[in-house]
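Enquirer: Structure: target.cif, mmCIF, N, CA and C atoms.
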data_upload
#
loop_
_atom_site.label_atom_id
_atom_site.label_comp_id
_atom_site.auth_asym_id
_atom_site.auth_seq_id
_atom_site.Cartn_x
_atom_site.Cartn_y
_atom_site.Cartn_z
N MET C 1 6.87 -1.10 41.55
CA MET C 1 7.44 -0.08 40.69
C MET C 1 7.85 -0.68 39.33
N GLU C 2 8.39 -1.89 39.37
CA GLU C 2 8.84 -2.54 38.15
C GLU C 2 7.68 -2.79 37.18
N TRP C 3 6.52 -3.10 37.70
CA TRP C 3 5.36 -3.37 36.83
C TRP C 3 4.93 -2.12 36.08
N ILE C 4 5.14 -0.93 36.64
CA ILE C 4 4.81 0.32 35.94
C ILE C 4 5.69 0.47 34.70
N ILE C 5 6.95 0.13 34.85
CA ILE C 5 7.86 0.19 33.70
C ILE C 5 7.41 -0.76 32.60
N TRP C 6 7.01 -1.98 32.98
CA TRP C 6 6.53 -2.96 31.99
C TRP C 6 5.25 -2.49 31.31
N ILE C 7 4.37 -1.84 32.05
CA ILE C 7 3.15 -1.30 31.46
C ILE C 7 3.49 -0.20 30.46
N LEU C 8 4.41 0.67 30.81
CA LEU C 8 4.83 1.74 29.89
C LEU C 8 5.49 1.18 28.64
N ILE C 9 6.33 0.18 28.80
CA ILE C 9 6.97 -0.46 27.64
C ILE C 9 5.91 -1.12 26.75
N GLY C 10 4.98 -1.82 27.36
CA GLY C 10 3.90 -2.46 26.59
C GLY C 10 3.07 -1.44 25.83
N ALA C 11 2.74 -0.33 26.49
CA ALA C 11 1.96 0.73 25.83
C ALA C 11 2.74 1.31 24.65
N ALA C 12 4.04 1.51 24.82
CA ALA C 12 4.86 2.04 23.74
C ALA C 12 4.90 1.08 22.56
N VAL C 13 5.04 -0.20 22.83
CA VAL C 13 5.07 -1.21 21.77
C VAL C 13 3.73 -1.22 21.02
N LEU C 14 2.63 -1.17 21.72
CA LEU C 14 1.31 -1.14 21.08
C LEU C 14 1.14 0.10 20.21
N TRP C 15 1.58 1.25 20.72
CA TRP C 15 1.46 2.49 19.96
C TRP C 15 2.28 2.41 18.67
N ILE C 16 3.51 1.91 18.77
CA ILE C 16 4.36 1.77 17.58
C ILE C 16 3.74 0.81 16.58
N ALA C 17 3.23 -0.31 17.04
CA ALA C 17 2.57 -1.28 16.16
C ALA C 17 1.38 -0.65 15.46
N TYR C 18 0.60 0.13 16.19
CA TYR C 18 -0.57 0.81 15.60
C TYR C 18 -0.13 1.78 14.51
N ARG C 19 0.91 2.56 14.77
CA ARG C 19 1.38 3.56 13.81
C ARG C 19 1.88 2.91 12.51
N PHE C 20 2.49 1.73 12.62
CA PHE C 20 3.01 1.06 11.43
C PHE C 20 1.93 0.32 10.65
N THR C 21 0.84 -0.05 11.29
CA THR C 21 -0.19 -0.83 10.60
C THR C 21 -1.40 0.00 10.18
N SER C 22 -1.58 1.18 10.72
CA SER C 22 -2.73 1.99 10.34
C SER C 22 -2.37 2.86 9.14
N PRO C 23 -3.33 3.04 8.23
CA PRO C 23 -3.03 3.86 7.06
C PRO C 23 -2.92 5.34 7.43
N ALA C 24 -2.15 6.07 6.65
CA ALA C 24 -2.01 7.51 6.87
C ALA C 24 -3.31 8.22 6.53
N LYS C 25 -3.48 9.41 7.04
CA LYS C 25 -4.68 10.19 6.75
C LYS C 25 -4.81 10.39 5.24
N GLY C 26 -6.01 10.21 4.73
CA GLY C 26 -6.25 10.40 3.32
C GLY C 26 -5.91 9.20 2.46
N ILE C 27 -5.49 8.12 3.07
CA ILE C 27 -5.17 6.90 2.33
C ILE C 27 -6.13 5.81 2.77
N GLU C 28 -6.91 5.31 1.83
CA GLU C 28 -7.83 4.22 2.13
C GLU C 28 -7.05 2.91 2.18
N SER C 29 -7.63 1.92 2.79
CA SER C 29 -7.03 0.60 2.87
C SER C 29 -8.12 -0.44 2.63
N ILE C 30 -7.90 -1.32 1.66
CA ILE C 30 -8.89 -2.35 1.36
C ILE C 30 -8.19 -3.70 1.27
N SER C 31 -9.00 -4.76 1.41
CA SER C 31 -8.47 -6.12 1.28
C SER C 31 -8.37 -6.50 -0.19
N THR C 32 -7.71 -7.60 -0.46
CA THR C 32 -7.61 -8.07 -1.84
C THR C 32 -8.99 -8.49 -2.37
N GLU C 33 -9.85 -8.97 -1.49
CA GLU C 33 -11.22 -9.32 -1.91
C GLU C 33 -11.99 -8.07 -2.32
N GLU C 34 -11.86 -7.00 -1.54
CA GLU C 34 -12.52 -5.74 -1.90
C GLU C 34 -11.94 -5.17 -3.18
N MET C 35 -10.63 -5.35 -3.38
CA MET C 35 -9.98 -4.86 -4.58
C MET C 35 -10.57 -5.48 -5.85
N LYS C 36 -10.95 -6.75 -5.76
CA LYS C 36 -11.50 -7.44 -6.93
C LYS C 36 -12.71 -6.71 -7.50
N THR C 37 -13.50 -6.07 -6.66
CA THR C 37 -14.68 -5.34 -7.13
C THR C 37 -14.31 -4.03 -7.82
N GLN C 38 -13.06 -3.59 -7.65
CA GLN C 38 -12.60 -2.33 -8.24
C GLN C 38 -11.87 -2.52 -9.57
N LEU C 39 -11.48 -3.75 -9.87
CA LEU C 39 -10.68 -4.01 -11.07
C LEU C 39 -11.40 -3.61 -12.35
N GLY C 40 -10.62 -3.02 -13.26
CA GLY C 40 -11.14 -2.69 -14.59
C GLY C 40 -11.90 -1.39 -14.67
N LYS C 41 -12.07 -0.68 -13.59
CA LYS C 41 -12.80 0.59 -13.63
C LYS C 41 -11.92 1.66 -14.27
N LYS C 42 -12.49 2.36 -15.24
CA LYS C 42 -11.74 3.34 -16.03
C LYS C 42 -11.33 4.58 -15.24
N ASP C 43 -12.03 4.86 -14.13
CA ASP C 43 -11.72 6.06 -13.35
C ASP C 43 -10.64 5.80 -12.29
N LYS C 44 -10.00 4.64 -12.37
CA LYS C 44 -8.96 4.27 -11.42
C LYS C 44 -7.70 3.86 -12.16
N GLN C 45 -6.57 3.95 -11.47
CA GLN C 45 -5.31 3.47 -12.03
C GLN C 45 -4.69 2.53 -11.01
N TYR C 46 -4.06 1.50 -11.51
CA TYR C 46 -3.59 0.39 -10.69
C TYR C 46 -2.09 0.25 -10.84
N ILE C 47 -1.36 0.32 -9.70
CA ILE C 47 0.08 0.15 -9.78
C ILE C 47 0.57 -0.92 -8.81
N ASP C 48 1.55 -1.65 -9.26
CA ASP C 48 2.20 -2.72 -8.50
C ASP C 48 3.62 -2.24 -8.26
N VAL C 49 3.99 -2.04 -7.00
CA VAL C 49 5.30 -1.46 -6.69
C VAL C 49 6.38 -2.50 -6.38
N ARG C 50 6.13 -3.75 -6.73
CA ARG C 50 7.14 -4.79 -6.54
C ARG C 50 8.23 -4.68 -7.61
N THR C 51 9.27 -5.46 -7.47
CA THR C 51 10.35 -5.46 -8.45
C THR C 51 9.85 -6.04 -9.77
N PRO C 52 10.53 -5.73 -10.87
CA PRO C 52 10.13 -6.31 -12.16
C PRO C 52 10.11 -7.85 -12.14
N ALA C 53 11.06 -8.46 -11.44
CA ALA C 53 11.10 -9.93 -11.37
C ALA C 53 9.88 -10.48 -10.63
N GLU C 54 9.50 -9.83 -9.53
CA GLU C 54 8.31 -10.27 -8.80
C GLU C 54 7.06 -10.10 -9.67
N PHE C 55 6.98 -8.96 -10.36
CA PHE C 55 5.84 -8.67 -11.22
C PHE C 55 5.74 -9.69 -12.35
N LYS C 56 6.89 -10.00 -12.96
CA LYS C 56 6.91 -10.97 -14.06
C LYS C 56 6.45 -12.34 -13.60
N GLY C 57 6.83 -12.71 -12.38
CA GLY C 57 6.47 -14.02 -11.84
C GLY C 57 4.98 -14.19 -11.61
N ASN C 58 4.29 -13.13 -11.23
CA ASN C 58 2.86 -13.19 -10.96
C ASN C 58 2.34 -11.77 -10.78
N HIS C 59 1.32 -11.41 -11.54
CA HIS C 59 0.71 -10.10 -11.37
C HIS C 59 -0.76 -10.14 -11.76
N ILE C 60 -1.46 -9.09 -11.41
CA ILE C 60 -2.89 -8.98 -11.70
C ILE C 60 -3.05 -8.16 -12.97
N LYS C 61 -3.82 -8.68 -13.89
CA LYS C 61 -4.07 -8.00 -15.16
C LYS C 61 -4.63 -6.60 -14.89
N GLY C 62 -4.06 -5.62 -15.57
CA GLY C 62 -4.51 -4.25 -15.41
C GLY C 62 -3.60 -3.41 -14.52
N PHE C 63 -2.74 -4.07 -13.76
CA PHE C 63 -1.80 -3.35 -12.90
C PHE C 63 -0.55 -3.01 -13.70
N LYS C 64 -0.04 -1.80 -13.49
CA LYS C 64 1.19 -1.34 -14.13
C LYS C 64 2.32 -1.49 -13.12
N ASN C 65 3.44 -2.00 -13.55
CA ASN C 65 4.59 -2.18 -12.65
C ASN C 65 5.42 -0.91 -12.60
N ILE C 66 5.40 -0.27 -11.43
CA ILE C 66 6.28 0.86 -11.14
C ILE C 66 6.93 0.53 -9.80
N PRO C 67 8.13 -0.06 -9.82
CA PRO C 67 8.79 -0.44 -8.56
C PRO C 67 8.91 0.75 -7.61
N LEU C 68 8.81 0.47 -6.32
CA LEU C 68 8.86 1.52 -5.31
C LEU C 68 10.06 2.44 -5.48
N ASN C 69 11.23 1.87 -5.76
CA ASN C 69 12.43 2.71 -5.90
C ASN C 69 12.40 3.60 -7.14
N GLU C 70 11.53 3.30 -8.11
CA GLU C 70 11.41 4.12 -9.31
C GLU C 70 10.24 5.11 -9.23
N LEU C 71 9.38 4.92 -8.26
CA LEU C 71 8.16 5.74 -8.16
C LEU C 71 8.43 7.24 -8.13
N PRO C 72 9.39 7.73 -7.36
CA PRO C 72 9.60 9.19 -7.33
C PRO C 72 9.83 9.81 -8.72
N LYS C 73 10.56 9.12 -9.58
CA LYS C 73 10.84 9.68 -10.90
C LYS C 73 9.81 9.28 -11.96
N ARG C 74 8.84 8.41 -11.60
CA ARG C 74 7.84 7.97 -12.58
C ARG C 74 6.42 8.40 -12.23
N MET C 75 6.28 9.25 -11.22
CA MET C 75 4.94 9.72 -10.83
C MET C 75 4.22 10.44 -11.96
N ASN C 76 5.00 11.01 -12.89
CA ASN C 76 4.39 11.72 -14.02
C ASN C 76 3.61 10.77 -14.93
N GLU C 77 3.77 9.47 -14.76
CA GLU C 77 3.02 8.49 -15.54
C GLU C 77 1.61 8.29 -14.98
N LEU C 78 1.36 8.88 -13.81
CA LEU C 78 0.07 8.72 -13.14
C LEU C 78 -0.70 10.04 -13.14
N SER C 79 -2.01 9.93 -13.16
CA SER C 79 -2.87 11.12 -13.12
C SER C 79 -3.31 11.41 -11.68
N LYS C 80 -3.16 12.65 -11.27
CA LYS C 80 -3.61 13.05 -9.94
C LYS C 80 -5.13 13.15 -9.88
N ASP C 81 -5.78 13.09 -11.04
CA ASP C 81 -7.24 13.20 -11.12
C ASP C 81 -7.96 11.87 -10.95
N LYS C 82 -7.21 10.78 -10.96
CA LYS C 82 -7.80 9.45 -10.81
C LYS C 82 -7.32 8.81 -9.53
N GLU C 83 -8.17 7.97 -8.95
CA GLU C 83 -7.78 7.21 -7.76
C GLU C 83 -6.66 6.24 -8.14
N VAL C 84 -5.71 6.06 -7.23
CA VAL C 84 -4.60 5.13 -7.44
C VAL C 84 -4.75 3.98 -6.45
N LEU C 85 -4.81 2.75 -6.97
CA LEU C 85 -4.80 1.56 -6.12
C LEU C 85 -3.40 0.99 -6.18
N VAL C 86 -2.80 0.74 -5.01
CA VAL C 86 -1.40 0.34 -4.93
C VAL C 86 -1.29 -1.03 -4.26
N ILE C 87 -0.52 -1.93 -4.90
CA ILE C 87 -0.31 -3.27 -4.35
C ILE C 87 1.18 -3.60 -4.37
N CYS C 88 1.59 -4.50 -3.48
CA CYS C 88 2.95 -5.04 -3.47
C CYS C 88 2.83 -6.51 -3.05
N GLN C 89 3.85 -7.07 -2.44
CA GLN C 89 3.78 -8.47 -2.04
C GLN C 89 3.01 -8.65 -0.73
N SER C 90 3.27 -7.79 0.25
CA SER C 90 2.65 -7.98 1.57
C SER C 90 1.87 -6.79 2.08
N GLY C 91 2.05 -5.63 1.48
CA GLY C 91 1.37 -4.42 1.93
C GLY C 91 2.30 -3.37 2.50
N MET C 92 3.55 -3.72 2.75
CA MET C 92 4.50 -2.76 3.33
C MET C 92 4.99 -1.75 2.29
N ARG C 93 5.45 -2.23 1.15
CA ARG C 93 5.94 -1.31 0.12
C ARG C 93 4.80 -0.47 -0.45
N SER C 94 3.62 -1.07 -0.59
CA SER C 94 2.49 -0.30 -1.11
C SER C 94 2.07 0.78 -0.12
N SER C 95 2.22 0.52 1.16
CA SER C 95 1.94 1.53 2.18
C SER C 95 2.92 2.70 2.05
N LYS C 96 4.19 2.39 1.86
CA LYS C 96 5.20 3.43 1.66
C LYS C 96 4.92 4.22 0.38
N ALA C 97 4.56 3.49 -0.68
CA ALA C 97 4.26 4.15 -1.95
C ALA C 97 3.04 5.06 -1.80
N SER C 98 2.03 4.60 -1.07
CA SER C 98 0.83 5.40 -0.85
C SER C 98 1.17 6.70 -0.13
N GLN C 99 2.01 6.61 0.87
CA GLN C 99 2.42 7.82 1.61
C GLN C 99 3.21 8.76 0.71
N LEU C 100 4.05 8.22 -0.14
CA LEU C 100 4.82 9.03 -1.08
C LEU C 100 3.89 9.75 -2.06
N LEU C 101 2.90 9.02 -2.58
CA LEU C 101 1.94 9.63 -3.49
C LEU C 101 1.17 10.75 -2.80
N LYS C 102 0.75 10.50 -1.57
CA LYS C 102 0.02 11.50 -0.80
C LYS C 102 0.84 12.77 -0.63
N LYS C 103 2.11 12.61 -0.29
CA LYS C 103 3.00 13.76 -0.10
C LYS C 103 3.22 14.54 -1.39
N ASN C 104 2.99 13.88 -2.53
CA ASN C 104 3.19 14.53 -3.83
C ASN C 104 1.90 14.98 -4.49
N GLY C 105 0.85 15.12 -3.71
CA GLY C 105 -0.37 15.74 -4.21
C GLY C 105 -1.44 14.83 -4.76
N PHE C 106 -1.27 13.54 -4.68
CA PHE C 106 -2.33 12.63 -5.11
C PHE C 106 -3.38 12.59 -4.00
N ALA C 107 -4.64 12.76 -4.37
CA ALA C 107 -5.69 12.88 -3.35
C ALA C 107 -6.38 11.56 -3.04
N ALA C 108 -6.61 10.75 -4.05
CA ALA C 108 -7.36 9.50 -3.85
C ALA C 108 -6.41 8.32 -4.01
N ILE C 109 -6.03 7.74 -2.87
CA ILE C 109 -5.07 6.63 -2.86
C ILE C 109 -5.63 5.49 -2.03
N THR C 110 -5.52 4.28 -2.55
CA THR C 110 -5.98 3.10 -1.83
C THR C 110 -4.87 2.07 -1.78
N ASN C 111 -4.49 1.72 -0.57
CA ASN C 111 -3.48 0.68 -0.34
C ASN C 111 -4.19 -0.67 -0.22
N ILE C 112 -3.67 -1.69 -0.86
CA ILE C 112 -4.28 -3.02 -0.81
C ILE C 112 -3.56 -3.84 0.25
N ARG C 113 -4.27 -4.05 1.37
CA ARG C 113 -3.72 -4.77 2.52
C ARG C 113 -3.38 -6.22 2.17
N GLY C 114 -2.24 -6.67 2.65
CA GLY C 114 -1.88 -8.07 2.45
C GLY C 114 -1.24 -8.35 1.11
N GLY C 115 -1.44 -7.47 0.14
CA GLY C 115 -0.81 -7.58 -1.16
C GLY C 115 -1.03 -8.90 -1.88
N MET C 116 -0.09 -9.24 -2.73
CA MET C 116 -0.19 -10.44 -3.55
C MET C 116 -0.18 -11.71 -2.69
N SER C 117 0.38 -11.61 -1.49
CA SER C 117 0.39 -12.78 -0.61
C SER C 117 -1.02 -13.20 -0.22
N ASN C 118 -1.95 -12.25 -0.19
CA ASN C 118 -3.34 -12.55 0.18
C ASN C 118 -4.26 -12.67 -1.03
N TYR C 119 -3.76 -12.40 -2.22
CA TYR C 119 -4.61 -12.40 -3.41
C TYR C 119 -4.89 -13.82 -3.89
N ARG C 120 -6.15 -14.11 -4.06
CA ARG C 120 -6.59 -15.38 -4.64
C ARG C 120 -7.48 -15.07 -5.82
N ARG C 121 -7.15 -15.63 -6.97
CA ARG C 121 -7.93 -15.35 -8.19
C ARG C 121 -9.35 -15.82 -8.07
#
For the file at hand, write its structure as structure tokens.

Expert:
Amino acid sequence: MEWIIWILIGAAVLWIAYRFTSPAKGIESISTEEMKTQLGKKDKQYIDVRTPAEFKGNHIKGFKNIPLNELPKRMNELSKDKEVLVICQSGMRSSKASQLLKKNGFAAITNIRGGMSNYRR
């Protein structure tokens, strides 16, 4: 009987892990290597949701710094007609930002998995 409880706990842990790591519906997810092929395209907009200090320390040319905590009041700086590529340090804040953008009517959103921690020039 005890093993059934452990199986149920394990299944619950796996389900929770899947929910936190899988992108939301309508949000694409790409690696930093895949992102490199997208850089500089005029039909896309690039945002970095890290803090200004993190952005100042290291950032990718072409990305605009809109910290996650400022995003709700600065969405008007972005066009809903263009795809938005979102990056942060590890992928967690950019995932939250992507979900926020989706809830606010942005249709084409791409979260960059692994963030700046995985980015190699």

Enquirer: From the options C:Lys61, C:Lys56, C:Arg113, C:Lys36, which residue's atoms come nearest to Arg93 (chain C), counting only C-alpha atoms?

Expert: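 Selected residue with least distance to Arg93 (chain C): C:Arg113.
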
Enquirer: Running the PyMOL selection byres ((chain C and resi 96-100) around 7) on this model by hand, what would come out? Give it as a list in words.

Expert: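 Output of the PyMOL selection byres ((chain C and resi 96-100) around 7): Ala24, Ile27, Leu68, Val86, Gly91, Met92, Arg93, Ser94, Ser95, Leu101, Lys102, Lys103, Asn104, Gly105, Phe106, Ile109, Thr110 and Asn111 of chain C.
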
Enquirer: Could you check how far atom C of Glu33 (chain C) sits from atom C of Cys88 (chain C), in Å to one decimal?

Expert: 14.9 Å

Enquirer: At what distance in Å, to one decimal, does atom C of Ala107 (chain C) lie from atom N of Lys80 (chain C)?

Expert: 8.9 Å

Enquirer: I'd like the contact shell of Ile87 (chain C) - 6 Å cut-off, only C-alpha atoms, skipping same-chain residues fewer than 4 positions apart - returned as an MDAnalysis selection string.

Expert: chainID C and resid 48 94 112 115

Enquirer: Can I get the selection written as a CSV table (one decimal), in the frame of the given file, with N, CA and C atoms?

Expert:
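Generated file (out.csv):
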chain,number,residue,atom,x,y,z
C,48,ASP,N,1.6,-1.6,-9.3
C,48,ASP,CA,2.2,-2.7,-8.5
C,48,ASP,C,3.6,-2.2,-8.3
C,94,SER,N,3.6,-1.1,-0.6
C,94,SER,CA,2.5,-0.3,-1.1
C,94,SER,C,2.1,0.8,-0.1
C,112,ILE,N,-3.7,-1.7,-0.9
C,112,ILE,CA,-4.3,-3.0,-0.8
C,112,ILE,C,-3.6,-3.8,0.2
C,115,GLY,N,-1.4,-7.5,0.1
C,115,GLY,CA,-0.8,-7.6,-1.2
C,115,GLY,C,-1.0,-8.9,-1.9

Enquirer: Could you state the separation of CA of Glu77 (chain C) and CA of Ala108 (chain C) in Å, given to one decimal place?

Expert: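 These two atoms are separated by 15.7 Å.
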
Enquirer: Box for region 23-38 of chain C: with edges along x, y and z, all listed atoms inside and 8 Å added on each side, what are the centre and edge lengths in Å to one decimal, as JSON?

Expert:
{"center_x": -8.3, "center_y": 0.5, "center_z": -0.7, "size_x": 28.7, "size_y": 35.7, "size_z": 33.8}

Enquirer: Find, counting only C-alpha atoms, the residue in C:Ile66, C:Met116, C:Ile30, C:Val84 that gets nearest to Gln45 (chain C).

Expert: C:Val84

Enquirer: To test your reading of the structure, identify every residue in region 20-117 of chain C that backbone DSSP assigns to helix (DSSP H, G or I), and report it as a PyMOL selection string.

Expert: chain C and resi 20-21+32-36+52-57+68-77+92-103+115-117

Enquirer: For Asn118 (chain C), list every protein, DNA or RNA residue within 7 Å, evaluated using all atoms listed in the file, and leave out those in the same chain fewer than 6 positions away; present the list as a list in words.

Expert: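 Close residues of Asn118 (chain C): Thr32, Glu33, Gln89 and Ser90 of chain C.
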
Enquirer: Nearest to Lys44 (chain C) among C:Asp81, C:Arg120, C:Arg74, C:Glu2, with distances taken over all atoms listed in the file: which residue is it?

Expert: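 With all atoms listed in the file as the atom set, the closest residue is C:Asp81.
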
Enquirer: Can you list, as a list in words, every residue of region 88-118 of chain C that DSSP puts in strand (DSSP E)?

Expert: Ile109, Thr110, Asn111 and Ile112 of chain C

Enquirer: Which neighbours of Asn69 (chain C) fall inside 9 Å, counting only C-alpha atoms, when residues of the same chain fewer than 3 positions from it are skipped, and could you give them as a list in words?

Expert: Val49, Thr51, Ile66, Pro72 and Lys73 of chain C

Enquirer: So which residues touch Pro52 (chain C) within 8 Å, counting only C-alpha atoms, skipping near sequence neighbours fewer than 3 positions away, as a PDB file with N, CA and C atoms, in the frame of the given file?

Expert:
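Below you can see out_35.pdb, which holds the result:
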ATOM      1  N   PHE C  55       6.980  -8.960 -10.360  1.00  0.00           N
ATOM      2  CA  PHE C  55       5.840  -8.670 -11.220  1.00  0.00           C
ATOM      3  C   PHE C  55       5.740  -9.690 -12.350  1.00  0.00           C
ATOM      4  N   LYS C  56       6.890 -10.000 -12.960  1.00  0.00           N
ATOM      5  CA  LYS C  56       6.910 -10.970 -14.060  1.00  0.00           C
ATOM      6  C   LYS C  56       6.450 -12.340 -13.600  1.00  0.00           C
ATOM      7  N   ASN C  65       3.440  -2.000 -13.550  1.00  0.00           N
ATOM      8  CA  ASN C  65       4.590  -2.180 -12.650  1.00  0.00           C
ATOM      9  C   ASN C  65       5.420  -0.910 -12.600  1.00  0.00           C
ATOM     10  N   PRO C  67       8.130  -0.060  -9.820  1.00  0.00           N
ATOM     11  CA  PRO C  67       8.790  -0.440  -8.560  1.00  0.00           C
ATOM     12  C   PRO C  67       8.910   0.750  -7.610  1.00  0.00           C
TER      13      PRO C  67
END

Enquirer: Find the spatial neighbours of region 40-43 of chain C, counting only N, CA and C atoms, within a cut-off of 6.5 Å - ignore same-chain residues fewer than 2 positions away - and output them as a list of chain:residue names.

Expert: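 Non-adjacent residues within range: C:Gln38, C:Gln45, C:Lys82, C:Glu83.
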
Enquirer: For Leu85 (chain C), which residue among C:Gly10, C:Ile4, C:Glu28, C:Ile47 is the nearest when counting only N, CA and C atoms?

Expert: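 Ranking C:Gly10, C:Ile4, C:Glu28, C:Ile47 by distance to Leu85 (chain C), first place goes to C:Ile47.
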